[in-house]
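Here's the structure we're looking at; comments come further down.
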Amino acid sequence: MAFLHREVKISGTGIDLVEIPRIARILERCGGSFLRKNFHPGEIASCKGLEAEYYAVLFALKEAVLKSLGQGIFTLDLAELKIEIEAGRAEITLPGILGEGRVISGAYSFDHDWAVAIAVIL
């Protein structure tokens with residue numbers, strides 16, 4: 001079997017794992033303040049059930065993106081990163097300090113206990 005050879009430069013990768021029950025406990029204890037601090041208003045509006053799973057996936061994606069950019073979690077307000085997710089794929093729109101409007105693709109998966117996210121910058 002022949003493979004097409006195409007040179008692709010990867011400029012950053014990030015992986016993160018989040019415990020879903022931990023996010024559920026935080027949501028129960030802190031609710032709206034946790035959401036406003038860490039999630040874009042559009043992400044909050046898009047939540048349709050499975051709250052803990054949804055927010056765990058988003059949080060893992062945000063951390064994976066920051067790792068792929070070589071940034072720490074305290075570099076910016078996490079609510080500034082806007083993520084749209086659908087069927088295992090994600091599009092992350094970066095705020096001004098990280099490249100206004102720049103979009104990064106990501107992937108995620110979750111089960112009952114864990115959410116895992118991967119971000120690769122080409």
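Letters A, B, ... go to the chains of the structure tokens in the order shown; residues in each chain start at 1; ligands are counted from 1 in the same order.
Near range 106-120 of chain A, within 7 Å and counting only C-alpha atoms, sit Gly12, Thr13, Gly14, Ile15, Asp16, Leu17, Val18, Glu19, Ile20, Pro21, Ala56, Val57, Ala60, Leu61, Ala64, Val65, Ser68, Gly88, Arg89, Ala90 and Glu91 of chain A, not including residues fewer than 4 positions from it in the same chain.
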Would you mind exporting N, CA and C atoms of the selected residues as a short mmCIF file (atom, residue, chain, number, x, y, z; two decimals), in the first residue's frame?
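Written file, part21.cif:
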data_model
loop_
_atom_site.label_atom_id
_atom_site.label_comp_id
_atom_site.auth_asym_id
_atom_site.auth_seq_id
_atom_site.Cartn_x
_atom_site.Cartn_y
_atom_site.Cartn_z
N GLY A 12 2.92 22.71 17.69
CA GLY A 12 2.58 22.53 19.09
C GLY A 12 1.57 21.43 19.31
N THR A 13 1.70 20.72 20.42
CA THR A 13 0.72 19.70 20.80
C THR A 13 0.40 19.87 22.28
N GLY A 14 -0.79 19.51 22.63
CA GLY A 14 -1.21 19.55 24.03
C GLY A 14 -2.22 18.46 24.30
N ILE A 15 -2.12 17.84 25.45
CA ILE A 15 -3.05 16.78 25.86
C ILE A 15 -3.46 17.08 27.29
N ASP A 16 -4.73 16.86 27.61
CA ASP A 16 -5.18 17.04 28.97
C ASP A 16 -6.26 16.02 29.31
N LEU A 17 -6.34 15.69 30.58
CA LEU A 17 -7.28 14.71 31.12
C LEU A 17 -7.98 15.35 32.30
N VAL A 18 -9.32 15.31 32.35
CA VAL A 18 -10.08 15.90 33.43
C VAL A 18 -11.03 14.85 34.00
N GLU A 19 -11.10 14.79 35.32
CA GLU A 19 -11.99 13.86 36.01
C GLU A 19 -13.40 14.46 36.03
N ILE A 20 -14.35 13.81 35.39
CA ILE A 20 -15.72 14.33 35.28
C ILE A 20 -16.41 14.46 36.65
N PRO A 21 -16.30 13.46 37.56
CA PRO A 21 -16.94 13.65 38.88
C PRO A 21 -16.41 14.87 39.64
N ALA A 56 -16.39 19.35 31.47
CA ALA A 56 -15.11 18.65 31.61
C ALA A 56 -14.38 18.60 30.27
N VAL A 57 -15.12 18.31 29.19
CA VAL A 57 -14.53 18.28 27.85
C VAL A 57 -13.99 19.67 27.49
N ALA A 60 -10.84 20.46 29.55
CA ALA A 60 -9.70 19.69 29.04
C ALA A 60 -9.19 20.28 27.73
N LEU A 61 -10.10 20.67 26.85
CA LEU A 61 -9.69 21.28 25.57
C LEU A 61 -8.95 22.60 25.81
N ALA A 64 -5.50 21.79 27.02
CA ALA A 64 -4.71 21.20 25.93
C ALA A 64 -4.25 22.28 24.95
N VAL A 65 -5.14 23.23 24.65
CA VAL A 65 -4.79 24.32 23.74
C VAL A 65 -3.67 25.17 24.33
N SER A 68 -0.47 23.37 24.06
CA SER A 68 0.03 23.33 22.67
C SER A 68 0.66 24.66 22.27
N GLY A 88 -16.98 14.71 18.65
CA GLY A 88 -15.59 14.36 18.87
C GLY A 88 -14.56 15.34 18.33
N ARG A 89 -15.01 16.38 17.66
CA ARG A 89 -14.09 17.38 17.11
C ARG A 89 -14.39 18.73 17.73
N ALA A 90 -13.40 19.58 17.73
CA ALA A 90 -13.57 20.91 18.33
C ALA A 90 -12.86 21.97 17.50
N GLU A 91 -13.43 23.17 17.53
CA GLU A 91 -12.78 24.34 16.95
C GLU A 91 -12.61 25.34 18.07
#
Discussion item. I need the residues of chain A that end up classed as strand (DSSP E) by DSSP on the backbone, written out as a PyMOL selection string.
Written reply: chain A and resi 12-19+82-86+89-93+103-110+114-121
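Across the model, the gap from CA of Asp77 in chain A to CA of Ile26 in chain A is 18.0 Å.
Distance check against Glu53 in chain A using only C-alpha atoms: of A:Ile92, A:Arg102, A:Ile121, A:Ala24, the minimum falls on A:Ala24.
Using only C-alpha atoms, the shortest contact distance between Leu69 in chain A and any of A:Leu94, A:Arg25, A:Ala45, A:Cys30 is found at A:Leu94.
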Practice prompt. Please run DSSP on the backbone and report, as JSON, numbers by chain, all residues within chain A that come out as helix (DSSP H, G or I).
Written response: {"A": [20, 21, 22, 23, 24, 25, 26, 27, 28, 29, 30, 32, 33, 34, 35, 36, 37, 38, 41, 42, 43, 44, 45, 46, 51, 52, 53, 54, 55, 56, 57, 58, 59, 60, 61, 62, 63, 64, 65, 66, 67, 68, 78, 79, 80, 96, 97, 98, 99]}
Residue selection dump (N, CA and C atoms) as a CSV table (one decimal), in the first residue's frame:
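That gives us part-v6.csv:
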chain,number,residue,atom,x,y,z
A,20,ILE,N,-14.4,13.8,35.4
A,20,ILE,CA,-15.7,14.3,35.3
A,20,ILE,C,-16.4,14.5,36.6
A,21,PRO,N,-16.3,13.5,37.6
A,21,PRO,CA,-16.9,13.6,38.9
A,21,PRO,C,-16.4,14.9,39.6
A,22,ARG,N,-15.2,15.2,39.4
A,22,ARG,CA,-14.6,16.4,40.1
A,22,ARG,C,-15.3,17.7,39.5
A,23,ILE,N,-15.5,17.7,38.2
A,23,ILE,CA,-16.2,18.9,37.6
A,23,ILE,C,-17.6,18.9,38.2
A,24,ALA,N,-18.3,17.8,38.3
A,24,ALA,CA,-19.6,17.7,38.8
A,24,ALA,C,-19.7,18.3,40.2
A,25,ARG,N,-18.7,17.9,41.1
A,25,ARG,CA,-18.7,18.5,42.4
A,25,ARG,C,-18.4,20.0,42.4
A,26,ILE,N,-17.6,20.5,41.6
A,26,ILE,CA,-17.3,21.9,41.5
A,26,ILE,C,-18.6,22.6,41.0
A,27,LEU,N,-19.3,22.1,40.0
A,27,LEU,CA,-20.5,22.7,39.5
A,27,LEU,C,-21.6,22.8,40.7
A,28,GLU,N,-21.7,21.7,41.4
A,28,GLU,CA,-22.6,21.6,42.5
A,28,GLU,C,-22.3,22.7,43.6
A,29,ARG,N,-21.0,22.8,43.9
A,29,ARG,CA,-20.5,23.7,45.0
A,29,ARG,C,-20.5,25.2,44.5
A,30,CYS,N,-20.0,25.4,43.3
A,30,CYS,CA,-19.7,26.8,42.9
A,30,CYS,C,-20.6,27.3,41.8
A,32,GLY,N,-22.5,28.9,39.1
A,32,GLY,CA,-22.4,30.0,38.2
A,32,GLY,C,-21.0,30.7,38.2
A,33,SER,N,-20.4,30.8,39.4
A,33,SER,CA,-19.1,31.5,39.5
A,33,SER,C,-18.0,30.7,38.7
A,34,PHE,N,-18.1,29.4,38.9
A,34,PHE,CA,-17.1,28.5,38.1
A,34,PHE,C,-17.3,28.7,36.6
A,35,LEU,N,-18.6,28.7,36.2
A,35,LEU,CA,-18.9,28.8,34.8
A,35,LEU,C,-18.4,30.1,34.2
A,36,ARG,N,-18.8,31.2,34.9
A,36,ARG,CA,-18.4,32.6,34.4
A,36,ARG,C,-16.9,32.7,34.3
A,37,LYS,N,-16.2,32.2,35.3
A,37,LYS,CA,-14.7,32.3,35.3
A,37,LYS,C,-14.0,31.5,34.2
A,38,ASN,N,-14.5,30.4,33.8
A,38,ASN,CA,-13.8,29.5,33.0
A,38,ASN,C,-14.4,29.2,31.6
A,41,PRO,N,-19.4,32.9,27.3
A,41,PRO,CA,-20.9,32.9,27.4
A,41,PRO,C,-21.5,32.0,26.3
A,42,GLY,N,-20.9,31.9,25.1
A,42,GLY,CA,-21.5,31.1,24.1
A,42,GLY,C,-21.4,29.6,24.4
A,43,GLU,N,-20.4,29.2,25.1
A,43,GLU,CA,-20.2,27.8,25.6
A,43,GLU,C,-21.3,27.5,26.6
A,44,ILE,N,-21.5,28.4,27.5
A,44,ILE,CA,-22.6,28.2,28.6
A,44,ILE,C,-23.9,28.0,27.9
A,45,ALA,N,-24.2,28.9,26.9
A,45,ALA,CA,-25.5,28.9,26.2
A,45,ALA,C,-25.7,27.6,25.4
A,46,SER,N,-24.6,27.0,25.0
A,46,SER,CA,-24.7,25.8,24.1
A,46,SER,C,-24.9,24.5,24.9
A,51,GLU,N,-24.2,18.2,31.8
A,51,GLU,CA,-23.4,19.3,32.1
A,51,GLU,C,-22.0,19.0,32.5
A,52,ALA,N,-21.8,18.1,33.5
A,52,ALA,CA,-20.5,17.8,34.0
A,52,ALA,C,-19.6,17.3,32.8
A,53,GLU,N,-20.1,16.4,32.0
A,53,GLU,CA,-19.3,15.9,30.9
A,53,GLU,C,-19.0,17.0,29.9
A,54,TYR,N,-19.9,17.8,29.6
A,54,TYR,CA,-19.7,18.9,28.6
A,54,TYR,C,-18.7,19.9,29.1
A,55,TYR,N,-18.8,20.3,30.4
A,55,TYR,CA,-17.8,21.3,30.9
A,55,TYR,C,-16.4,20.6,31.2
A,56,ALA,N,-16.4,19.3,31.5
A,56,ALA,CA,-15.1,18.7,31.6
A,56,ALA,C,-14.4,18.6,30.3
A,57,VAL,N,-15.1,18.3,29.2
A,57,VAL,CA,-14.5,18.3,27.8
A,57,VAL,C,-14.0,19.7,27.5
A,58,LEU,N,-14.8,20.7,27.7
A,58,LEU,CA,-14.3,22.1,27.4
A,58,LEU,C,-13.1,22.4,28.2
A,59,PHE,N,-13.1,22.1,29.5
A,59,PHE,CA,-12.0,22.5,30.4
A,59,PHE,C,-10.7,21.7,29.9
A,60,ALA,N,-10.8,20.5,29.5
A,60,ALA,CA,-9.7,19.7,29.0
A,60,ALA,C,-9.2,20.3,27.7
A,61,LEU,N,-10.1,20.7,26.8
A,61,LEU,CA,-9.7,21.3,25.6
A,61,LEU,C,-8.9,22.6,25.8
A,62,LYS,N,-9.4,23.4,26.7
A,62,LYS,CA,-8.8,24.7,27.0
A,62,LYS,C,-7.4,24.5,27.5
A,63,GLU,N,-7.2,23.5,28.4
A,63,GLU,CA,-5.9,23.3,28.9
A,63,GLU,C,-5.0,22.7,27.9
A,64,ALA,N,-5.5,21.8,27.0
A,64,ALA,CA,-4.7,21.2,25.9
A,64,ALA,C,-4.3,22.3,25.0
A,65,VAL,N,-5.1,23.2,24.6
A,65,VAL,CA,-4.8,24.3,23.7
A,65,VAL,C,-3.7,25.2,24.3
A,66,LEU,N,-3.8,25.5,25.6
A,66,LEU,CA,-2.8,26.3,26.2
A,66,LEU,C,-1.4,25.6,26.2
A,67,LYS,N,-1.5,24.3,26.5
A,67,LYS,CA,-0.2,23.5,26.5
A,67,LYS,C,0.4,23.5,25.1
A,68,SER,N,-0.5,23.4,24.1
A,68,SER,CA,0.0,23.3,22.7
A,68,SER,C,0.7,24.7,22.3
A,78,LEU,N,-9.7,31.9,31.1
A,78,LEU,CA,-10.1,30.8,30.3
A,78,LEU,C,-11.4,31.1,29.5
A,79,ALA,N,-12.2,32.0,30.1
A,79,ALA,CA,-13.5,32.3,29.4
A,79,ALA,C,-13.3,33.0,28.1
A,80,GLU,N,-12.1,33.5,27.8
A,80,GLU,CA,-11.8,34.1,26.6
A,80,GLU,C,-11.6,33.2,25.4
A,96,GLY,N,-7.3,37.8,21.5
A,96,GLY,CA,-6.3,38.7,21.0
A,96,GLY,C,-4.9,38.4,21.4
A,97,ILE,N,-4.6,38.2,22.6
A,97,ILE,CA,-3.2,38.0,23.0
A,97,ILE,C,-2.6,36.7,22.5
A,98,LEU,N,-3.4,35.8,22.1
A,98,LEU,CA,-2.9,34.5,21.5
A,98,LEU,C,-3.0,34.5,20.0
A,99,GLY,N,-3.5,35.5,19.4
A,99,GLY,CA,-3.7,35.5,17.9
A,99,GLY,C,-5.2,35.7,17.6
